[in-house]
$ cat model.cif   # mmCIF, N, CA and C atoms
data_protein
loop_
_atom_site.label_atom_id
_atom_site.label_comp_id
_atom_site.auth_asym_id
_atom_site.auth_seq_id
_atom_site.Cartn_x
_atom_site.Cartn_y
_atom_site.Cartn_z
N MET Y 1 5.35 23.15 -9.17
CA MET Y 1 6.70 23.20 -8.65
C MET Y 1 7.36 21.84 -8.81
N THR Y 2 8.55 21.81 -9.35
CA THR Y 2 9.30 20.59 -9.55
C THR Y 2 10.16 20.31 -8.33
N MET Y 3 10.24 19.05 -7.98
CA MET Y 3 11.04 18.64 -6.83
C MET Y 3 12.52 18.58 -7.21
N THR Y 4 13.38 18.74 -6.22
CA THR Y 4 14.81 18.52 -6.44
C THR Y 4 15.07 17.02 -6.34
N THR Y 5 16.23 16.60 -6.81
CA THR Y 5 16.55 15.18 -6.73
C THR Y 5 16.61 14.71 -5.27
N GLN Y 6 17.08 15.55 -4.38
CA GLN Y 6 17.12 15.17 -2.97
C GLN Y 6 15.71 15.02 -2.40
N GLN Y 7 14.80 15.90 -2.81
CA GLN Y 7 13.41 15.78 -2.36
C GLN Y 7 12.78 14.49 -2.89
N VAL Y 8 13.12 14.14 -4.12
CA VAL Y 8 12.60 12.90 -4.70
C VAL Y 8 13.08 11.70 -3.87
N LEU Y 9 14.38 11.64 -3.60
CA LEU Y 9 14.91 10.53 -2.82
C LEU Y 9 14.33 10.52 -1.41
N SER Y 10 14.16 11.68 -0.82
CA SER Y 10 13.56 11.76 0.52
C SER Y 10 12.12 11.24 0.51
N THR Y 11 11.40 11.54 -0.55
CA THR Y 11 10.03 11.05 -0.67
C THR Y 11 10.01 9.54 -0.79
N TYR Y 12 10.91 8.98 -1.60
CA TYR Y 12 11.01 7.53 -1.70
C TYR Y 12 11.39 6.92 -0.35
N GLU Y 13 12.29 7.55 0.38
CA GLU Y 13 12.68 7.05 1.70
C GLU Y 13 11.50 7.09 2.67
N SER Y 14 10.69 8.15 2.59
CA SER Y 14 9.49 8.24 3.42
C SER Y 14 8.51 7.12 3.08
N MET Y 15 8.38 6.84 1.79
CA MET Y 15 7.52 5.74 1.36
C MET Y 15 8.03 4.41 1.90
N GLN Y 16 9.34 4.24 1.90
CA GLN Y 16 9.93 3.00 2.43
C GLN Y 16 9.62 2.86 3.92
N GLU Y 17 9.72 3.95 4.67
CA GLU Y 17 9.38 3.92 6.10
C GLU Y 17 7.90 3.60 6.29
N LEU Y 18 7.05 4.20 5.47
CA LEU Y 18 5.62 3.94 5.57
C LEU Y 18 5.29 2.48 5.26
N THR Y 19 5.92 1.91 4.24
CA THR Y 19 5.62 0.51 3.91
C THR Y 19 6.12 -0.42 5.01
N ALA Y 20 7.22 -0.07 5.67
CA ALA Y 20 7.67 -0.87 6.81
C ALA Y 20 6.63 -0.81 7.93
N GLN Y 21 6.06 0.37 8.16
CA GLN Y 21 5.00 0.52 9.16
C GLN Y 21 3.74 -0.23 8.72
N MET Y 22 3.46 -0.21 7.42
CA MET Y 22 2.31 -0.94 6.89
C MET Y 22 2.48 -2.43 7.12
N LEU Y 23 3.70 -2.93 6.92
CA LEU Y 23 3.98 -4.35 7.14
C LEU Y 23 3.76 -4.70 8.61
N ALA Y 24 4.22 -3.84 9.51
CA ALA Y 24 4.02 -4.07 10.94
C ALA Y 24 2.53 -4.07 11.28
N ALA Y 25 1.78 -3.14 10.69
CA ALA Y 25 0.34 -3.07 10.94
C ALA Y 25 -0.36 -4.33 10.41
N ALA Y 26 0.01 -4.77 9.23
CA ALA Y 26 -0.58 -5.98 8.66
C ALA Y 26 -0.22 -7.20 9.51
N SER Y 27 1.00 -7.25 9.99
CA SER Y 27 1.43 -8.36 10.85
C SER Y 27 0.62 -8.41 12.14
N ALA Y 28 0.21 -7.24 12.62
CA ALA Y 28 -0.57 -7.14 13.85
C ALA Y 28 -2.08 -7.17 13.58
N SER Y 29 -2.46 -7.37 12.33
CA SER Y 29 -3.87 -7.35 11.91
C SER Y 29 -4.55 -6.04 12.28
N ASP Y 30 -3.80 -4.96 12.23
CA ASP Y 30 -4.34 -3.62 12.51
C ASP Y 30 -4.73 -2.99 11.18
N TRP Y 31 -5.91 -3.39 10.69
CA TRP Y 31 -6.34 -3.01 9.34
C TRP Y 31 -6.62 -1.52 9.22
N ASP Y 32 -7.10 -0.90 10.29
CA ASP Y 32 -7.36 0.54 10.24
C ASP Y 32 -6.05 1.31 10.08
N GLN Y 33 -5.04 0.91 10.84
CA GLN Y 33 -3.73 1.57 10.73
C GLN Y 33 -3.13 1.32 9.35
N LEU Y 34 -3.27 0.11 8.85
CA LEU Y 34 -2.76 -0.22 7.51
C LEU Y 34 -3.41 0.68 6.47
N ALA Y 35 -4.71 0.86 6.55
CA ALA Y 35 -5.41 1.70 5.58
C ALA Y 35 -4.96 3.16 5.68
N ALA Y 36 -4.77 3.65 6.90
CA ALA Y 36 -4.32 5.03 7.09
C ALA Y 36 -2.92 5.23 6.51
N LEU Y 37 -2.03 4.27 6.75
CA LEU Y 37 -0.67 4.36 6.22
C LEU Y 37 -0.68 4.25 4.70
N GLU Y 38 -1.55 3.42 4.18
CA GLU Y 38 -1.65 3.27 2.73
C GLU Y 38 -2.07 4.58 2.07
N ARG Y 39 -2.99 5.31 2.71
CA ARG Y 39 -3.40 6.62 2.17
C ARG Y 39 -2.23 7.59 2.17
N ARG Y 40 -1.44 7.58 3.22
CA ARG Y 40 -0.27 8.47 3.28
C ARG Y 40 0.73 8.12 2.19
N CYS Y 41 0.94 6.83 1.98
CA CYS Y 41 1.87 6.39 0.93
C CYS Y 41 1.34 6.79 -0.45
N ALA Y 42 0.05 6.65 -0.66
CA ALA Y 42 -0.56 7.03 -1.95
C ALA Y 42 -0.38 8.52 -2.21
N ALA Y 43 -0.43 9.33 -1.17
CA ALA Y 43 -0.22 10.77 -1.34
C ALA Y 43 1.21 11.04 -1.82
N HIS Y 44 2.18 10.29 -1.31
CA HIS Y 44 3.57 10.45 -1.77
C HIS Y 44 3.69 10.05 -3.25
N VAL Y 45 3.03 8.96 -3.61
CA VAL Y 45 3.07 8.52 -5.01
C VAL Y 45 2.49 9.60 -5.92
N GLN Y 46 1.38 10.19 -5.51
CA GLN Y 46 0.77 11.26 -6.30
C GLN Y 46 1.71 12.45 -6.44
N THR Y 47 2.36 12.81 -5.36
CA THR Y 47 3.32 13.92 -5.40
C THR Y 47 4.43 13.63 -6.39
N LEU Y 48 4.96 12.42 -6.35
CA LEU Y 48 6.03 12.05 -7.29
C LEU Y 48 5.53 12.11 -8.73
N LYS Y 49 4.32 11.62 -8.97
CA LYS Y 49 3.77 11.65 -10.33
C LYS Y 49 3.63 13.08 -10.84
N GLU Y 50 3.18 13.97 -9.96
CA GLU Y 50 2.91 15.34 -10.37
C GLU Y 50 4.18 16.19 -10.48
N GLN Y 51 5.17 15.95 -9.63
CA GLN Y 51 6.29 16.87 -9.53
C GLN Y 51 7.65 16.29 -9.90
N ALA Y 52 7.72 15.00 -10.12
CA ALA Y 52 9.05 14.44 -10.37
C ALA Y 52 9.06 13.38 -11.45
N ALA Y 53 8.06 13.40 -12.31
CA ALA Y 53 7.92 12.35 -13.32
C ALA Y 53 9.14 12.23 -14.23
N ASP Y 54 9.69 13.34 -14.69
CA ASP Y 54 10.78 13.30 -15.67
C ASP Y 54 12.10 13.82 -15.11
N LEU Y 55 12.24 13.83 -13.81
CA LEU Y 55 13.45 14.36 -13.20
C LEU Y 55 14.61 13.38 -13.37
N PRO Y 56 15.69 13.80 -14.05
CA PRO Y 56 16.82 12.89 -14.23
C PRO Y 56 17.62 12.75 -12.92
N LEU Y 57 18.04 11.52 -12.63
CA LEU Y 57 18.85 11.24 -11.45
C LEU Y 57 20.24 10.81 -11.87
N SER Y 58 21.22 11.13 -11.06
CA SER Y 58 22.60 10.69 -11.34
C SER Y 58 22.68 9.18 -11.10
N GLY Y 59 23.78 8.60 -11.49
CA GLY Y 59 23.97 7.15 -11.32
C GLY Y 59 23.80 6.70 -9.89
N GLU Y 60 24.42 7.39 -8.96
CA GLU Y 60 24.33 7.04 -7.54
C GLU Y 60 22.89 7.21 -7.03
N GLN Y 61 22.25 8.26 -7.48
CA GLN Y 61 20.86 8.51 -7.07
C GLN Y 61 19.93 7.43 -7.64
N ARG Y 62 20.19 7.03 -8.88
CA ARG Y 62 19.38 5.98 -9.50
C ARG Y 62 19.53 4.67 -8.74
N VAL Y 63 20.76 4.36 -8.35
CA VAL Y 63 21.02 3.13 -7.59
C VAL Y 63 20.26 3.17 -6.26
N ALA Y 64 20.30 4.31 -5.58
CA ALA Y 64 19.59 4.47 -4.31
C ALA Y 64 18.08 4.30 -4.53
N LYS Y 65 17.57 4.92 -5.58
CA LYS Y 65 16.14 4.82 -5.88
C LYS Y 65 15.76 3.37 -6.17
N ILE Y 66 16.56 2.67 -6.93
CA ILE Y 66 16.29 1.27 -7.26
C ILE Y 66 16.28 0.41 -6.00
N GLN Y 67 17.23 0.63 -5.11
CA GLN Y 67 17.27 -0.14 -3.85
C GLN Y 67 16.01 0.11 -3.03
N ILE Y 68 15.58 1.36 -2.96
CA ILE Y 68 14.37 1.69 -2.21
C ILE Y 68 13.16 1.03 -2.86
N ILE Y 69 13.06 1.10 -4.17
CA ILE Y 69 11.92 0.49 -4.87
C ILE Y 69 11.90 -1.02 -4.66
N ARG Y 70 13.06 -1.65 -4.68
CA ARG Y 70 13.12 -3.10 -4.42
C ARG Y 70 12.59 -3.42 -3.02
N GLN Y 71 12.97 -2.60 -2.04
CA GLN Y 71 12.49 -2.82 -0.67
C GLN Y 71 10.98 -2.57 -0.59
N LEU Y 72 10.50 -1.54 -1.29
CA LEU Y 72 9.07 -1.27 -1.33
C LEU Y 72 8.30 -2.47 -1.90
N LEU Y 73 8.81 -3.02 -2.98
CA LEU Y 73 8.16 -4.17 -3.61
C LEU Y 73 8.20 -5.40 -2.71
N ASP Y 74 9.31 -5.60 -2.01
CA ASP Y 74 9.42 -6.73 -1.10
C ASP Y 74 8.43 -6.58 0.05
N ASP Y 75 8.36 -5.38 0.64
CA ASP Y 75 7.39 -5.14 1.71
C ASP Y 75 5.97 -5.29 1.21
N ASP Y 76 5.71 -4.81 -0.01
CA ASP Y 76 4.37 -4.92 -0.59
C ASP Y 76 3.97 -6.38 -0.74
N ARG Y 77 4.89 -7.22 -1.19
CA ARG Y 77 4.61 -8.65 -1.34
C ARG Y 77 4.29 -9.27 0.02
N LYS Y 78 5.04 -8.90 1.04
CA LYS Y 78 4.80 -9.43 2.38
C LYS Y 78 3.45 -8.97 2.92
N ILE Y 79 3.11 -7.72 2.64
CA ILE Y 79 1.81 -7.18 3.07
C ILE Y 79 0.69 -7.94 2.38
N ARG Y 80 0.82 -8.15 1.07
CA ARG Y 80 -0.20 -8.90 0.33
C ARG Y 80 -0.32 -10.33 0.87
N ASP Y 81 0.80 -10.96 1.20
CA ASP Y 81 0.76 -12.31 1.77
C ASP Y 81 -0.03 -12.34 3.08
N LEU Y 82 0.06 -11.26 3.84
CA LEU Y 82 -0.67 -11.18 5.11
C LEU Y 82 -2.13 -10.79 4.93
N THR Y 83 -2.42 -9.95 3.95
CA THR Y 83 -3.78 -9.45 3.80
C THR Y 83 -4.67 -10.34 2.94
N MET Y 84 -4.11 -11.12 2.06
CA MET Y 84 -4.94 -11.92 1.16
C MET Y 84 -5.82 -12.92 1.92
N PRO Y 85 -5.32 -13.65 2.91
CA PRO Y 85 -6.22 -14.55 3.65
C PRO Y 85 -7.35 -13.78 4.35
N TRP Y 86 -7.02 -12.63 4.90
CA TRP Y 86 -8.04 -11.82 5.57
C TRP Y 86 -9.07 -11.34 4.56
N MET Y 87 -8.62 -10.90 3.39
CA MET Y 87 -9.53 -10.43 2.35
C MET Y 87 -10.42 -11.58 1.88
N ALA Y 88 -9.86 -12.78 1.74
CA ALA Y 88 -10.66 -13.94 1.32
C ALA Y 88 -11.72 -14.26 2.38
N HIS Y 89 -11.34 -14.20 3.65
CA HIS Y 89 -12.29 -14.44 4.73
C HIS Y 89 -13.40 -13.39 4.72
N LEU Y 90 -13.03 -12.13 4.55
CA LEU Y 90 -14.00 -11.05 4.50
C LEU Y 90 -14.95 -11.23 3.32
N SER Y 91 -14.41 -11.60 2.18
CA SER Y 91 -15.23 -11.83 0.99
C SER Y 91 -16.22 -12.97 1.23
N ALA Y 92 -15.76 -14.03 1.88
CA ALA Y 92 -16.64 -15.16 2.17
C ALA Y 92 -17.76 -14.74 3.12
N MET Y 93 -17.42 -13.92 4.12
CA MET Y 93 -18.43 -13.44 5.05
C MET Y 93 -19.46 -12.57 4.34
N ILE Y 94 -19.01 -11.71 3.45
CA ILE Y 94 -19.92 -10.85 2.70
C ILE Y 94 -20.82 -11.69 1.80
N GLY Y 95 -20.22 -12.68 1.14
CA GLY Y 95 -21.01 -13.57 0.28
C GLY Y 95 -22.05 -14.33 1.07
N SER Y 96 -21.69 -14.79 2.26
CA SER Y 96 -22.62 -15.52 3.11
C SER Y 96 -23.77 -14.61 3.55
N THR Y 97 -23.44 -13.38 3.91
CA THR Y 97 -24.46 -12.41 4.32
C THR Y 97 -25.41 -12.12 3.17
N ARG Y 98 -24.88 -11.99 1.97
CA ARG Y 98 -25.74 -11.73 0.79
C ARG Y 98 -26.67 -12.91 0.54
N SER Y 99 -26.12 -14.13 0.68
CA SER Y 99 -26.95 -15.31 0.47
C SER Y 99 -28.06 -15.38 1.50
N GLN Y 100 -27.73 -15.10 2.74
CA GLN Y 100 -28.74 -15.10 3.79
C GLN Y 100 -29.82 -14.05 3.51
N SER Y 101 -29.40 -12.90 3.07
CA SER Y 101 -30.35 -11.82 2.76
C SER Y 101 -31.27 -12.23 1.62
N ARG Y 102 -30.72 -12.86 0.60
CA ARG Y 102 -31.55 -13.32 -0.53
C ARG Y 102 -32.56 -14.37 -0.07
N LEU Y 103 -32.12 -15.29 0.80
CA LEU Y 103 -33.03 -16.31 1.31
C LEU Y 103 -34.17 -15.68 2.11
N VAL Y 104 -33.84 -14.72 2.96
CA VAL Y 104 -34.86 -14.03 3.76
C VAL Y 104 -35.83 -13.30 2.85
N ASN Y 105 -35.30 -12.64 1.83
CA ASN Y 105 -36.16 -11.92 0.89
C ASN Y 105 -37.06 -12.86 0.11
N THR Y 106 -36.53 -14.03 -0.23
CA THR Y 106 -37.30 -15.00 -1.01
C THR Y 106 -38.33 -15.75 -0.17
N TYR Y 107 -37.89 -16.26 1.00
CA TYR Y 107 -38.73 -17.14 1.79
C TYR Y 107 -39.26 -16.50 3.07
N GLY Y 108 -38.80 -15.31 3.38
CA GLY Y 108 -39.24 -14.64 4.60
C GLY Y 108 -38.44 -15.11 5.81
N ALA Y 109 -38.54 -14.34 6.87
CA ALA Y 109 -37.83 -14.67 8.10
C ALA Y 109 -38.49 -15.84 8.77
N VAL Y 110 -37.69 -16.67 9.40
CA VAL Y 110 -38.22 -17.86 10.10
C VAL Y 110 -38.59 -17.50 11.50
#
$ encode --input "model.cif" --output "structure tokens"
Amino acid sequence: MTMTTQQVLSTYESMQELTAQMLAAASASDWDQLAALERRCAAHVQTLKEQAADLPLSGEQRVAKIQIIRQLLDDDRKIRDLTMPWMAHLSAMIGSTRSQSRLVNTYGAV
């Protein structure tokens, strides 16, 4: 089933609302909520790929879509700015745990 142009714009608007919620979750370090919202947003992206890939939009609709996409990208950048330090910290902790495990395996527990 192909989406109507209004359904396409509504889906983009829903994605914009979700990314705003994702930004709030990232700002609050609520990683579980961020992941849940990200899955919901990914479902919208999949729907658009499957049902609206080649749907032509009028000039006004294209402008609206572009504005929404710009906001999505801006929110995405802000989310990445908030999550990258956390991801680096998590990666360091995992690396440290792996090193400790290798030492225990090599030299035994103290």
$ residues_around --input "model.cif" --residues "region 36-52 of chain Y" --least-positions-apart "3" --cutoff "8 Å" --atoms "all atoms listed in the file" --output "PyMOL selection string"
chain Y and resi 1-4+8+11-12+14-16+18-19+21-22+30-33+55-56
$ resolve_selection --input "model.cif" --expression "the PyMOL selection byres (((chain Y and resi 59-70 and name CA) around 8) and name CA)" --output "PyMOL selection string"
chain Y and resi 5+9+12-13+16+57-58+71-74
$ write_last_selection --input "model.cif" --atoms "N, CA and C atoms" --output "compact mmCIF listing (two decimals), keeping the file's coordinate frame"
# COMPACT_ATOMS: atom_id res chain seq x y z
N THR Y 5 16.23 16.60 -6.81
CA THR Y 5 16.55 15.18 -6.73
C THR Y 5 16.61 14.71 -5.27
N LEU Y 9 14.38 11.64 -3.60
CA LEU Y 9 14.91 10.53 -2.82
C LEU Y 9 14.33 10.52 -1.41
N TYR Y 12 10.91 8.98 -1.60
CA TYR Y 12 11.01 7.53 -1.70
C TYR Y 12 11.39 6.92 -0.35
N GLU Y 13 12.29 7.55 0.38
CA GLU Y 13 12.68 7.05 1.70
C GLU Y 13 11.50 7.09 2.67
N GLN Y 16 9.34 4.24 1.90
CA GLN Y 16 9.93 3.00 2.43
C GLN Y 16 9.62 2.86 3.92
N LEU Y 57 18.04 11.52 -12.63
CA LEU Y 57 18.85 11.24 -11.45
C LEU Y 57 20.24 10.81 -11.87
N SER Y 58 21.22 11.13 -11.06
CA SER Y 58 22.60 10.69 -11.34
C SER Y 58 22.68 9.18 -11.10
N GLN Y 71 12.97 -2.60 -2.04
CA GLN Y 71 12.49 -2.82 -0.67
C GLN Y 71 10.98 -2.57 -0.59
N LEU Y 72 10.50 -1.54 -1.29
CA LEU Y 72 9.07 -1.27 -1.33
C LEU Y 72 8.30 -2.47 -1.90
N LEU Y 73 8.81 -3.02 -2.98
CA LEU Y 73 8.16 -4.17 -3.61
C LEU Y 73 8.20 -5.40 -2.71
N ASP Y 74 9.31 -5.60 -2.01
CA ASP Y 74 9.42 -6.73 -1.10
C ASP Y 74 8.43 -6.58 0.05
$ residues_around --input "model.cif" --residues "Leu82 (chain Y)" --least-positions-apart "6" --cutoff "9 Å" --atoms "only C-alpha atoms" --output "MDAnalysis selection string"
chainID Y and resid 23 26:27 29
$ write_last_selection --input "model.cif" --atoms "N, CA and C atoms" --output "short mmCIF file (atom, residue, chain, number, x, y, z; two decimals), in the coordinates of the input"
data_model
loop_
_atom_site.label_atom_id
_atom_site.label_comp_id
_atom_site.auth_asym_id
_atom_site.auth_seq_id
_atom_site.Cartn_x
_atom_site.Cartn_y
_atom_site.Cartn_z
N LEU Y 23 3.70 -2.93 6.92
CA LEU Y 23 3.98 -4.35 7.14
C LEU Y 23 3.76 -4.70 8.61
N ALA Y 26 0.01 -4.77 9.23
CA ALA Y 26 -0.58 -5.98 8.66
C ALA Y 26 -0.22 -7.20 9.51
N SER Y 27 1.00 -7.25 9.99
CA SER Y 27 1.43 -8.36 10.85
C SER Y 27 0.62 -8.41 12.14
N SER Y 29 -2.46 -7.37 12.33
CA SER Y 29 -3.87 -7.35 11.91
C SER Y 29 -4.55 -6.04 12.28
#
$ atom_distance --input "model.cif" --atom1 "atom C of Thr97 (chain Y)" --atom2 "CA of Ile79 (chain Y)"
27.7 Å
$ atom_distance --input "model.cif" --atom1 "atom N of Gly108 (chain Y)" --atom2 "atom N of Ser91 (chain Y)"
24.7 Å
